[in-house]
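Visitor: What follows is input36.csv, made up of CSV, C-alpha atoms:
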```csv
chain,number,residue,atom,x,y,z
A,444,MET,CA,1.7,32.1,2.1
A,445,LYS,CA,1.9,30.1,5.3
A,446,THR,CA,5.0,28.3,6.5
A,447,LEU,CA,4.9,24.8,7.9
A,448,THR,CA,7.4,23.3,10.4
A,449,LEU,CA,8.6,19.9,9.4
A,450,PRO,CA,6.8,18.2,12.4
A,451,ALA,CA,3.6,20.0,11.2
A,452,ALA,CA,4.1,18.6,7.7
A,453,ARG,CA,4.5,15.2,9.1
A,454,THR,CA,1.3,15.7,11.2
A,455,LEU,CA,-0.8,16.7,8.1
A,456,HIS,CA,0.6,13.7,6.2
A,457,LEU,CA,-0.3,11.3,8.9
A,458,ALA,CA,-3.7,12.9,9.2
A,459,ALA,CA,-4.3,12.3,5.6
A,460,GLN,CA,-3.2,8.7,5.9
A,461,GLY,CA,-5.4,7.9,8.9
A,462,LEU,CA,-2.5,7.7,11.3
A,463,LEU,CA,-3.2,10.8,13.5
A,464,VAL,CA,-5.0,9.2,16.4
A,465,PRO,CA,-5.5,5.5,17.5
A,466,PRO,CA,-8.9,3.9,16.9
A,467,ARG,CA,-11.5,4.9,19.4
A,468,ARG,CA,-13.9,2.1,18.8
A,469,LYS,CA,-14.0,-1.4,17.3
A,470,PRO,CA,-13.7,-1.2,13.5
A,471,THR,CA,-16.5,-2.2,11.1
A,472,LYS,CA,-16.2,-3.5,7.5
A,473,ALA,CA,-17.2,0.0,6.3
A,474,ASP,CA,-14.1,1.3,8.1
A,475,VAL,CA,-11.9,-0.9,6.0
A,476,LEU,CA,-13.4,0.6,2.8
A,477,ASP,CA,-13.1,4.1,4.2
A,478,ALA,CA,-9.4,3.5,5.0
A,479,ILE,CA,-8.7,2.4,1.5
A,480,ARG,CA,-10.5,5.4,0.1
A,481,ARG,CA,-8.5,7.6,2.3
A,482,MET,CA,-5.2,6.1,1.0
A,483,ALA,CA,-6.7,6.0,-2.5
A,484,GLN,CA,-5.2,2.5,-2.9
A,485,LEU,CA,-3.9,-0.5,-1.0
A,486,GLN,CA,-0.8,-2.2,-2.3
A,487,ILE,CA,-0.8,-5.9,-2.5
A,488,ASP,CA,2.1,-8.2,-1.6
A,489,THR,CA,2.0,-11.9,-0.9
A,490,ILE,CA,4.9,-12.3,1.6
A,491,HIS,CA,3.4,-13.6,4.9
A,492,VAL,CA,6.1,-14.0,7.5
A,493,VAL,CA,3.7,-11.7,9.3
A,494,ALA,CA,0.2,-10.8,8.0
A,495,ARG,CA,0.3,-10.1,4.2
A,496,SER,CA,0.9,-6.4,3.6
A,497,PRO,CA,-2.6,-5.2,2.7
A,498,TYR,CA,-4.0,-6.6,5.9
A,499,LEU,CA,-1.2,-5.2,7.9
A,500,VAL,CA,-1.6,-1.7,6.4
A,501,LEU,CA,-5.2,-1.7,7.5
A,502,PHE,CA,-4.3,-3.0,11.0
A,503,SER,CA,-1.9,-0.1,11.4
A,504,ARG,CA,-4.9,2.3,11.0
A,505,LEU,CA,-7.8,0.4,12.3
A,506,GLY,CA,-6.4,-1.9,15.0
A,507,ALA,CA,-7.7,-5.5,15.3
A,508,TYR,CA,-10.2,-6.3,12.6
A,509,PRO,CA,-11.2,-9.6,10.8
A,510,PRO,CA,-8.9,-9.8,7.8
A,511,GLN,CA,-11.6,-11.6,5.8
A,512,TRP,CA,-13.4,-8.2,5.5
A,513,LEU,CA,-10.9,-7.2,2.9
A,514,ASP,CA,-11.6,-10.4,0.9
A,515,GLU,CA,-15.4,-9.8,1.2
A,516,LEU,CA,-15.2,-6.2,0.0
A,517,LEU,CA,-13.4,-7.5,-3.1
A,518,ALA,CA,-15.9,-10.3,-3.7
A,519,GLN,CA,-18.9,-8.1,-3.3
A,520,GLY,CA,-17.6,-5.6,-5.8
A,521,SER,CA,-16.7,-2.6,-3.5
A,522,LEU,CA,-13.0,-3.0,-4.6
A,523,PHE,CA,-11.2,-4.0,-7.7
A,524,GLU,CA,-7.6,-4.9,-8.4
A,525,TYR,CA,-5.3,-3.3,-10.9
A,526,TRP,CA,-1.8,-1.8,-11.4
A,527,ALA,CA,-1.8,1.5,-9.6
A,528,HIS,CA,1.3,2.2,-7.5
A,529,GLU,CA,1.9,-1.5,-7.9
A,530,ALA,CA,-0.7,-4.3,-7.8
A,531,SER,CA,-3.3,-2.7,-5.6
A,532,PHE,CA,-6.9,-2.8,-4.3
A,533,LEU,CA,-8.8,0.3,-5.3
A,534,PRO,CA,-12.3,1.5,-4.6
A,535,ILE,CA,-14.6,0.4,-7.4
A,536,GLU,CA,-15.7,4.0,-8.1
A,537,ASP,CA,-12.1,4.6,-9.3
A,538,TYR,CA,-12.2,2.0,-12.0
A,539,GLY,CA,-12.5,4.7,-14.7
A,540,LEU,CA,-9.2,6.2,-13.4
A,541,MET,CA,-7.4,3.0,-14.4
A,542,ARG,CA,-9.3,2.2,-17.6
A,543,HIS,CA,-7.0,4.2,-20.0
A,544,ARG,CA,-4.1,2.0,-18.8
A,545,MET,CA,-6.0,-1.1,-19.7
A,546,LEU,CA,-7.0,0.2,-23.2
A,547,ASP,CA,-3.4,1.3,-23.9
A,548,PRO,CA,-1.0,-0.7,-21.7
A,549,SER,CA,2.1,0.2,-23.8
A,550,GLY,CA,3.5,2.4,-21.0
A,551,MET,CA,3.2,-0.2,-18.3
A,552,GLY,CA,6.6,-1.8,-18.8
A,553,TRP,CA,7.0,-5.4,-17.5
A,554,LYS,CA,3.4,-5.3,-16.1
A,555,TYR,CA,2.2,-5.9,-19.6
A,556,ALA,CA,4.0,-8.6,-21.6
A,557,ALA,CA,3.5,-7.1,-25.0
A,558,GLN,CA,5.8,-9.5,-26.8
A,559,TRP,CA,4.1,-12.5,-25.1
A,560,HIS,CA,0.7,-11.1,-26.1
A,561,ASP,CA,1.9,-10.8,-29.8
A,562,GLN,CA,3.4,-14.3,-29.8
A,563,TYR,CA,0.5,-16.1,-28.2
A,564,ARG,CA,-2.4,-14.0,-29.2
A,565,ALA,CA,-4.5,-16.9,-30.5
A,566,GLU,CA,-4.0,-19.0,-27.3
A,567,ILE,CA,-4.8,-15.9,-25.1
A,568,ASP,CA,-8.0,-15.2,-27.1
A,569,THR,CA,-8.9,-18.9,-26.7
A,570,LEU,CA,-8.4,-18.7,-22.9
A,571,LEU,CA,-10.6,-15.6,-22.8
A,572,GLU,CA,-13.4,-17.4,-24.6
A,573,HIS,CA,-13.0,-20.3,-22.2
A,574,VAL,CA,-13.6,-18.1,-19.2
A,575,ARG,CA,-16.5,-16.3,-20.9
A,576,ALA,CA,-18.1,-19.7,-21.7
A,577,ASN,CA,-17.3,-21.7,-18.6
A,578,GLY,CA,-16.9,-19.2,-15.7
A,579,PRO,CA,-14.1,-18.0,-13.4
A,580,VAL,CA,-10.6,-19.6,-13.3
A,581,ARG,CA,-7.5,-19.6,-11.2
A,582,SER,CA,-4.0,-20.1,-12.4
A,583,ALA,CA,-4.0,-23.3,-10.3
A,584,ASP,CA,-6.7,-24.7,-12.5
A,585,PHE,CA,-4.1,-25.3,-15.2
A,586,ALA,CA,-1.5,-28.0,-14.8
A,587,ARG,CA,2.2,-27.2,-14.9
A,588,GLU,CA,4.0,-29.5,-17.3
A,589,ALA,CA,7.5,-29.0,-15.9
A,590,GLY,CA,6.8,-29.2,-12.2
A,591,LYS,CA,7.0,-26.4,-9.6
A,592,SER,CA,7.6,-22.8,-10.6
A,593,ASN,CA,10.8,-21.1,-9.6
A,594,GLY,CA,9.2,-17.6,-9.5
A,595,TRP,CA,7.5,-15.0,-11.6
A,596,TRP,CA,10.1,-15.4,-14.4
A,597,ASP,CA,9.1,-19.1,-14.7
A,598,TRP,CA,5.3,-18.8,-14.8
A,599,LYS,CA,3.4,-21.5,-16.7
A,600,PRO,CA,2.0,-20.2,-20.0
A,601,GLU,CA,-1.6,-20.0,-18.8
A,602,LYS,CA,-0.5,-17.8,-15.8
A,603,ARG,CA,1.2,-15.4,-18.3
A,604,HIS,CA,-1.9,-15.4,-20.5
A,605,LEU,CA,-4.1,-14.5,-17.5
A,606,GLU,CA,-1.8,-11.7,-16.5
A,607,VAL,CA,-2.0,-10.3,-20.1
A,608,LEU,CA,-5.8,-10.4,-20.0
A,609,PHE,CA,-5.8,-8.8,-16.6
A,610,ALA,CA,-3.4,-6.0,-17.8
A,611,ILE,CA,-5.6,-5.1,-20.8
A,612,GLY,CA,-8.7,-5.2,-18.7
A,613,GLN,CA,-10.5,-8.1,-20.4
A,614,LEU,CA,-10.3,-10.1,-17.2
A,615,MET,CA,-10.8,-8.8,-13.6
A,616,VAL,CA,-10.2,-10.4,-10.2
A,617,ALA,CA,-13.6,-11.5,-9.1
A,618,GLU,CA,-12.4,-12.7,-5.7
A,619,ARG,CA,-9.5,-14.2,-3.9
A,620,ARG,CA,-9.4,-17.7,-2.4
A,621,ASN,CA,-6.6,-18.2,0.1
A,622,PHE,CA,-5.2,-15.1,-1.5
A,623,HIS,CA,-5.1,-16.6,-4.9
A,624,ARG,CA,-6.7,-14.6,-7.7
A,625,VAL,CA,-9.9,-15.8,-9.3
A,626,TYR,CA,-10.3,-14.3,-12.7
A,627,ASP,CA,-13.6,-13.7,-14.6
A,628,VAL,CA,-14.5,-11.6,-17.7
A,629,SER,CA,-14.9,-8.0,-16.9
A,630,GLU,CA,-18.4,-7.7,-18.2
A,631,ARG,CA,-19.5,-10.1,-15.5
A,632,VAL,CA,-17.5,-8.6,-12.7
A,633,LEU,CA,-18.5,-5.0,-13.6
A,634,PRO,CA,-21.6,-5.2,-15.8
A,635,SER,CA,-22.4,-1.5,-15.2
A,636,TRP,CA,-19.3,-0.2,-17.0
A,637,ASP,CA,-19.6,1.1,-20.6
A,638,ASP,CA,-16.5,2.6,-22.2
A,639,ALA,CA,-18.6,4.7,-24.7
A,640,ARG,CA,-20.6,6.2,-21.9
A,641,ASP,CA,-18.3,6.2,-18.9
A,642,LEU,CA,-14.7,6.8,-20.1
A,643,GLN,CA,-13.4,10.2,-19.2
A,644,PRO,CA,-10.9,12.1,-21.4
A,645,PRO,CA,-7.3,11.2,-20.6
A,646,GLU,CA,-6.5,14.8,-19.4
A,647,ALA,CA,-9.4,14.7,-16.9
A,648,VAL,CA,-8.2,11.4,-15.6
A,649,ALA,CA,-4.6,12.7,-15.2
A,650,GLU,CA,-5.8,15.7,-13.2
A,651,GLU,CA,-8.0,13.6,-11.0
A,652,LEU,CA,-5.1,11.2,-10.2
A,653,LEU,CA,-3.0,14.2,-9.1
A,654,ARG,CA,-5.9,15.4,-7.0
A,655,ARG,CA,-6.3,12.0,-5.4
A,656,THR,CA,-2.6,11.8,-4.8
A,657,CYS,CA,-2.5,15.1,-3.0
A,658,ARG,CA,-5.5,14.2,-0.9
A,659,ALA,CA,-3.8,10.9,0.1
A,660,LEU,CA,-0.5,12.6,0.9
A,661,GLY,CA,-2.0,15.6,2.7
A,662,VAL,CA,1.3,17.5,2.0
A,663,ALA,CA,2.6,17.2,-1.6
A,664,ARG,CA,5.6,18.3,-3.6
A,665,ALA,CA,6.0,18.3,-7.4
A,666,ASP,CA,8.8,15.7,-7.2
A,667,TRP,CA,6.6,13.3,-5.1
A,668,VAL,CA,3.3,13.0,-6.9
A,669,ALA,CA,4.3,10.9,-9.9
A,670,ASP,CA,5.2,8.0,-7.7
A,671,TYR,CA,1.8,7.4,-6.0
A,672,TYR,CA,0.0,6.2,-9.2
A,673,ARG,CA,3.2,5.6,-11.2
A,674,LEU,CA,2.5,8.5,-13.5
A,675,PRO,CA,5.2,9.4,-16.0
A,676,ARG,CA,8.3,10.6,-14.1
A,677,ARG,CA,8.6,14.4,-14.5
A,678,PRO,CA,8.0,17.4,-12.3
A,679,TYR,CA,4.4,18.3,-11.9
A,680,GLY,CA,4.8,21.9,-10.6
A,681,ALA,CA,2.6,23.5,-13.2
A,682,GLU,CA,-0.2,21.0,-12.6
A,683,LEU,CA,0.0,21.5,-8.8
A,684,HIS,CA,-0.1,25.3,-9.2
A,685,ALA,CA,-3.2,24.9,-11.4
A,686,LEU,CA,-4.9,22.8,-8.7
A,687,ALA,CA,-4.0,25.5,-6.2
A,688,GLU,CA,-5.5,28.2,-8.4
A,689,ALA,CA,-8.7,26.0,-8.7
A,690,GLY,CA,-8.9,25.8,-4.9
A,691,ASP,CA,-8.0,22.2,-4.5
A,692,LEU,CA,-4.6,22.9,-2.9
A,693,VAL,CA,-3.0,25.6,-0.7
A,694,GLN,CA,0.6,26.5,-1.4
A,695,VAL,CA,2.9,26.6,1.7
A,696,LYS,CA,6.5,26.7,2.5
A,697,VAL,CA,8.1,24.0,4.7
A,698,ASP,CA,11.1,24.9,6.8
A,699,GLY,CA,14.3,23.6,5.2
A,700,TRP,CA,12.7,22.7,1.9
A,701,LYS,CA,13.4,24.6,-1.4
A,702,GLN,CA,10.6,22.9,-3.3
A,703,ASP,CA,7.1,24.3,-3.8
A,704,THR,CA,4.8,22.5,-1.4
A,705,PHE,CA,1.1,22.2,-1.3
A,706,VAL,CA,-1.5,21.1,1.3
A,707,HIS,CA,-4.7,19.6,0.2
A,708,ARG,CA,-7.7,21.9,1.0
A,709,GLU,CA,-9.2,19.3,3.4
A,710,PHE,CA,-6.2,19.7,5.7
A,711,ALA,CA,-5.6,23.4,5.3
A,712,PRO,CA,-7.7,24.3,8.4
A,713,LEU,CA,-5.3,22.1,10.5
A,714,ILE,CA,-2.2,24.1,9.6
A,715,ASP,CA,-2.1,26.5,12.5
A,716,ASP,CA,-2.8,23.7,15.1
A,717,ALA,CA,-0.2,21.5,13.5
A,718,ASN,CA,2.4,24.3,13.6
A,719,SER,CA,1.7,25.1,17.2
A,720,GLY,CA,1.8,21.5,18.3
A,721,LYS,CA,-1.8,21.5,19.4
A,722,LEU,CA,-2.5,18.9,16.8
A,723,SER,CA,0.0,16.0,16.6
A,724,SER,CA,-0.1,12.2,16.0
A,725,THR,CA,-0.5,10.0,19.0
A,726,VAL,CA,-0.3,6.7,17.2
A,727,THR,CA,2.3,4.1,17.9
A,728,THR,CA,2.2,1.1,15.6
A,729,VAL,CA,4.3,-1.0,13.2
A,730,LEU,CA,3.9,-0.3,9.5
A,731,SER,CA,4.1,-2.7,6.5
A,732,PRO,CA,7.1,-2.3,4.2
A,733,PHE,CA,4.5,-1.5,1.5
A,734,ASP,CA,2.7,1.1,3.5
A,735,PRO,CA,2.2,4.4,1.6
A,736,VAL,CA,4.0,6.3,4.4
A,737,VAL,CA,7.3,4.6,3.5
A,738,TRP,CA,6.9,3.2,-0.1
A,739,ASP,CA,8.6,6.3,-1.6
A,740,ARG,CA,12.1,6.4,-0.2
A,741,LYS,CA,12.7,10.0,-1.2
A,742,ARG,CA,9.5,11.2,0.5
A,743,ALA,CA,10.1,9.2,3.7
A,744,ALA,CA,13.6,10.7,3.9
A,745,ALA,CA,12.3,14.2,3.4
A,746,LEU,CA,9.4,14.0,5.8
A,747,PHE,CA,10.8,11.7,8.5
A,748,ASP,CA,14.6,11.7,8.0
A,749,PHE,CA,14.1,7.9,7.6
A,750,ASP,CA,16.1,6.0,5.0
A,751,TYR,CA,14.0,2.9,4.3
A,752,VAL,CA,14.8,0.1,1.8
A,753,ILE,CA,12.6,-3.0,1.4
A,754,GLU,CA,15.1,-5.7,1.9
A,755,CYS,CA,13.0,-8.9,1.4
A,756,TYR,CA,14.1,-8.8,-2.3
A,757,THR,CA,17.7,-8.3,-1.4
A,758,PRO,CA,20.1,-11.3,-1.1
A,759,ALA,CA,20.5,-12.3,2.5
A,760,ALA,CA,24.2,-11.4,2.7
A,761,LYS,CA,23.5,-7.8,1.6
A,762,ARG,CA,20.6,-7.1,4.1
A,763,LYS,CA,21.3,-4.5,6.7
A,764,TYR,CA,18.3,-4.9,8.9
A,765,GLY,CA,16.5,-8.1,7.9
A,766,TYR,CA,14.1,-9.9,5.7
A,767,PHE,CA,10.7,-8.3,6.5
A,768,VAL,CA,11.4,-5.1,8.4
A,769,LEU,CA,8.5,-3.2,9.8
A,770,PRO,CA,9.0,0.6,10.3
A,771,ILE,CA,8.0,1.7,13.8
A,772,LEU,CA,5.8,4.9,13.9
A,773,ASN,CA,5.8,6.6,17.3
A,774,ARG,CA,3.9,9.9,17.9
A,775,GLY,CA,4.6,11.4,14.5
A,776,LYS,CA,8.1,10.0,14.0
A,777,LEU,CA,9.6,6.9,12.5
A,778,ILE,CA,11.8,6.0,15.3
A,779,GLY,CA,13.0,2.5,14.3
A,780,ARG,CA,12.4,-0.7,12.6
A,781,ALA,CA,11.7,-4.3,13.6
A,782,ASP,CA,12.5,-7.5,11.6
A,783,ALA,CA,9.4,-9.6,12.5
A,784,LYS,CA,8.1,-13.1,12.1
A,785,ALA,CA,4.9,-14.6,13.3
A,786,HIS,CA,5.4,-18.2,14.5
A,787,ARG,CA,1.7,-19.2,14.2
A,788,SER,CA,2.1,-22.8,15.2
A,789,SER,CA,3.7,-21.9,18.5
A,790,GLY,CA,1.8,-18.7,19.1
A,791,LEU,CA,4.9,-16.5,19.2
A,792,PHE,CA,5.4,-13.1,17.5
A,793,GLU,CA,9.2,-12.8,17.2
A,794,LEU,CA,10.9,-9.4,16.8
A,795,LYS,CA,14.1,-11.0,15.5
A,796,ALA,CA,15.8,-7.6,15.7
A,797,VAL,CA,14.7,-4.1,16.7
A,798,HIS,CA,16.8,-1.1,15.6
A,799,LEU,CA,16.2,2.4,16.9
A,800,GLU,CA,17.2,5.4,14.8
A,801,PRO,CA,20.2,7.4,15.8
A,802,GLY,CA,19.3,9.9,18.5
A,803,VAL,CA,16.2,8.2,19.8
A,804,ARG,CA,16.2,8.2,23.6
A,805,VAL,CA,14.6,5.3,25.3
A,806,SER,CA,12.2,6.8,27.9
A,807,ALA,CA,9.6,5.1,30.0
A,808,ARG,CA,6.9,6.5,27.7
A,809,LEU,CA,8.6,5.1,24.6
A,810,ALA,CA,9.0,1.7,26.2
A,811,THR,CA,5.3,1.7,27.2
A,812,ASP,CA,4.2,2.8,23.7
A,813,LEU,CA,6.3,0.0,22.1
A,814,ARG,CA,5.3,-2.7,24.5
A,815,ARG,CA,1.6,-2.0,23.9
A,816,ALA,CA,2.0,-1.7,20.1
A,817,PHE,CA,3.9,-5.0,19.9
A,818,GLN,CA,1.3,-6.7,22.1
A,819,ARG,CA,-1.5,-5.4,20.0
A,820,CYS,CA,0.2,-6.6,16.8
A,821,ALA,CA,1.0,-10.0,18.3
A,822,ASP,CA,-2.6,-10.5,19.6
A,823,TRP,CA,-4.0,-9.7,16.2
A,824,HIS,CA,-1.8,-12.2,14.5
A,825,GLY,CA,-3.0,-14.9,16.8
A,826,THR,CA,0.4,-15.1,18.4
A,827,PRO,CA,-0.2,-13.6,21.8
A,828,GLU,CA,3.3,-14.2,23.1
A,829,TRP,CA,6.0,-11.9,21.8
A,830,GLN,CA,9.7,-11.5,22.3
A,831,ILE,CA,12.6,-9.4,21.1
A,832,THR,CA,15.5,-11.6,20.1
A,833,SER,CA,17.9,-8.7,19.6
A,834,GLY,CA,17.7,-5.0,20.3
A,835,PRO,CA,19.3,-2.0,22.0
A,836,ALA,CA,20.3,-2.8,25.6
A,837,ASP,CA,18.5,0.2,27.0
A,838,LEU,CA,15.3,-0.7,25.3
A,839,MET,CA,15.5,-4.3,26.3
A,840,GLU,CA,16.1,-3.2,30.0
A,841,ALA,CA,13.2,-0.8,29.9
A,842,LEU,CA,10.8,-3.4,28.5
A,843,ALA,CA,12.0,-6.0,30.9
A,844,ALA,CA,11.5,-3.7,33.9
A,845,GLN,CA,7.9,-2.9,32.7
A,846,THR,CA,7.2,-6.6,32.3
A,847,SER,CA,8.5,-7.4,35.8
A,848,ALA,CA,6.4,-4.6,37.3
A,849,ALA,CA,3.3,-5.8,35.5
A,850,ALA,CA,3.9,-9.3,36.8
```
How does the structure come out when it is put into structure tokens?
Guide:
Amino acid sequence: MKTLTLPAARTLHLAAQGLLVPPRRKPTKADVLDAIRRMAQLQIDTIHVVARSPYLVLFSRLGAYPPQWLDELLAQGSLFEYWAHEASFLPIEDYGLMRHRMLDPSGMGWKYAAQWHDQYRAEIDTLLEHVRANGPVRSADFAREAGKSNGWWDWKPEKRHLEVLFAIGQLMVAERRNFHRVYDVSERVLPSWDDARDLQPPEAVAEELLRRTCRALGVARADWVADYYRLPRRPYGAELHALAEAGDLVQVKVDGWKQDTFVHREFAPLIDDANSGKLSSTVTTVLSPFDPVVWDRKRAAALFDFDYVIECYTPAAKRKYGYFVLPILNRGKLIGRADAKAHRSSGLFELKAVHLEPGVRVSARLATDLRRAFQRCADWHGTPEWQITSGPADLMEALAAQTSAAA
């Protein structure tokens, strides 16, 4: 059994996630779909103080690309939406991996409003027939009697009905307009699917979800794998050992870890080069708070010694770092975080606060890496001017010196 150093484990994880090397050419629409397939899913979030999360996750891997490509891939049927890790875009060929959840949503918790469905079944069925007869609808097509909504807990009835029909798979998202869902009946969005013909046994689906998870993570532990697709929370050691026996995984030891650890077979040939340092990540970029690299707090802590909490849902007075804080990836390490806001009207990308992790030394190379990464991100947002409002003095001085030299 081979032993992995912790930096090597990080390298294999970043290789699996498409964050090993910077893009070497301009991306294509096919690259967007390939990136989502590599991650297995792309989590959706609507906050847009910078680019909405799914677009930013792709930017971190592909560099500057037209965000509408993601919308087009959904509309043309290459992607579909469903509850995976959370609400996510998934490759359409993975529809069958989610279908059992739609047919039995009882384990989905708040994502399926069972009591609401029972109480308003007649109205929900009527709405479904309306869509079937009259075509796609948006939540906005239904007037709100009591004025503006105060949040998800205060949705108008039709919005709740649509969410129920989406959860049980009778409606799908046909497209998004200005990021708003457009719902249509599943038989029109995906006419090729037939449950009787295409539905796999639940045990085969569960095994494939674990296999996809390990491929997306590159390096996997039994206590990590449930989170990726929100599988039932329990250890999956026996299942991972079975995948190893089948040749899908290679068992390894990681320095400092007691847990059984596995490398997906696709990345096993990279182990020696990762251990020796011949192979390492050269990417510097900002990550979305909902990036797969950081969405599991326990995994981010074990791999990167990085304690990350998404604070946008935390009351302002209790935030430690800021509202929409972007982790900073630099050459295989998570070295800090930036609270960012794109001021689109004025063309300014503001890093309201930059925090470096304890022990990070500000070098000329680090300053250059960050300056270039911040500029790329600002340019892609259409806010070509960028500034750091608050940050460590040594970093601010190094960046200022580089800016003066460039001028």
Visitor: Just need the box for region 483-493 of chain A, edges along x, y and z, holding every atom the file lists for it with 8 Å tacked onto each side, so centre and edge lengths in Å to one decimal, as lines of an AutoDock Vina configuration file.
Guide:
```
center_x = -0.3
center_y = -4.0
center_z = 3.2
size_x = 28.8
size_y = 36.0
size_z = 28.2
```
Visitor: Quick one: of A:Phe792, A:Tyr498, A:Tyr764, A:Phe747, who's nearest to Ala821 (chain A), counting all atoms listed in the file?
Guide: A:Phe792
Visitor: Between region 643-743 of chain A and region 478-486 of chain A, at 10 Å or less, what are the per-residue closest atom pairs and their distances in Å? Count all atoms listed in the file, order by chain and rising residue number, and return it as CSV.
Guide:
```
residue,atom,partner,partner_atom,distance
A:Leu652,CA,A:Ala483,CA,9.4
A:Arg655,CA,A:Ala483,CA,6.7
A:Thr656,CA,A:Ala483,CA,7.5
A:Arg658,CA,A:Arg481,CA,7.9
A:Ala659,CA,A:Met482,CA,5.1
A:Leu660,CA,A:Met482,CA,8.0
A:Tyr671,CA,A:Gln484,CA,9.1
A:Tyr672,CA,A:Gln484,CA,9.0
A:Phe733,CA,A:Gln486,CA,6.6
A:Asp734,CA,A:Gln486,CA,7.5
A:Pro735,CA,A:Met482,CA,7.6
A:Val736,CA,A:Met482,CA,9.8
A:Trp738,CA,A:Gln486,CA,9.7
```
Visitor: Choose the residue, out of A:Arg673, A:Phe585, A:Trp667, A:Ala452, that has the smallest atom-to-atom separation from Ser531 (chain A); count all atoms listed in the file.
Guide: A:Arg673
Visitor: Which residue, A:His456, A:Arg468, A:Asp739, A:Val697, has the smallest gap to His528 (chain A) when you use all atoms listed in the file?
Guide: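 Between A:His456, A:Arg468, A:Asp739, A:Val697, the residue approaching His528 (chain A) most closely is A:Asp739.
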Visitor: Would you mind reading off the distance between CA of Leu505 (chain A) and CA of Ile487 (chain A), one decimal, in Å?
Guide: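 Taking CA of Leu505 (chain A) as the start and CA of Ile487 (chain A) as the end point, the length is 17.5 Å.
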Visitor: I'd like the contact shell of Lys763 (chain A) - 10 Å cut-off, only C-alpha atoms, skipping same-chain residues fewer than 3 positions apart - returned as a PyMOL selection string.
Guide: chain A and resi 752+754+757+759-760+766
Visitor: Create the file for the chosen residues now, containing C-alpha atoms and written as a tab-separated table (two decimals), in the coordinates of the input.
Guide:
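The resulting file, result-v4.tsv, is reproduced below:
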```
chain	number	residue	atom	x	y	z
A	752	VAL	CA	14.80	0.10	1.80
A	754	GLU	CA	15.10	-5.70	1.90
A	757	THR	CA	17.70	-8.30	-1.40
A	759	ALA	CA	20.50	-12.30	2.50
A	760	ALA	CA	24.20	-11.40	2.70
A	766	TYR	CA	14.10	-9.90	5.70
```
Visitor: Kindly give the distance, in Å, that separates CA of Leu605 (chain A) and CA of Asn621 (chain A), rounded to a single decimal.
Guide: 18.2 Å
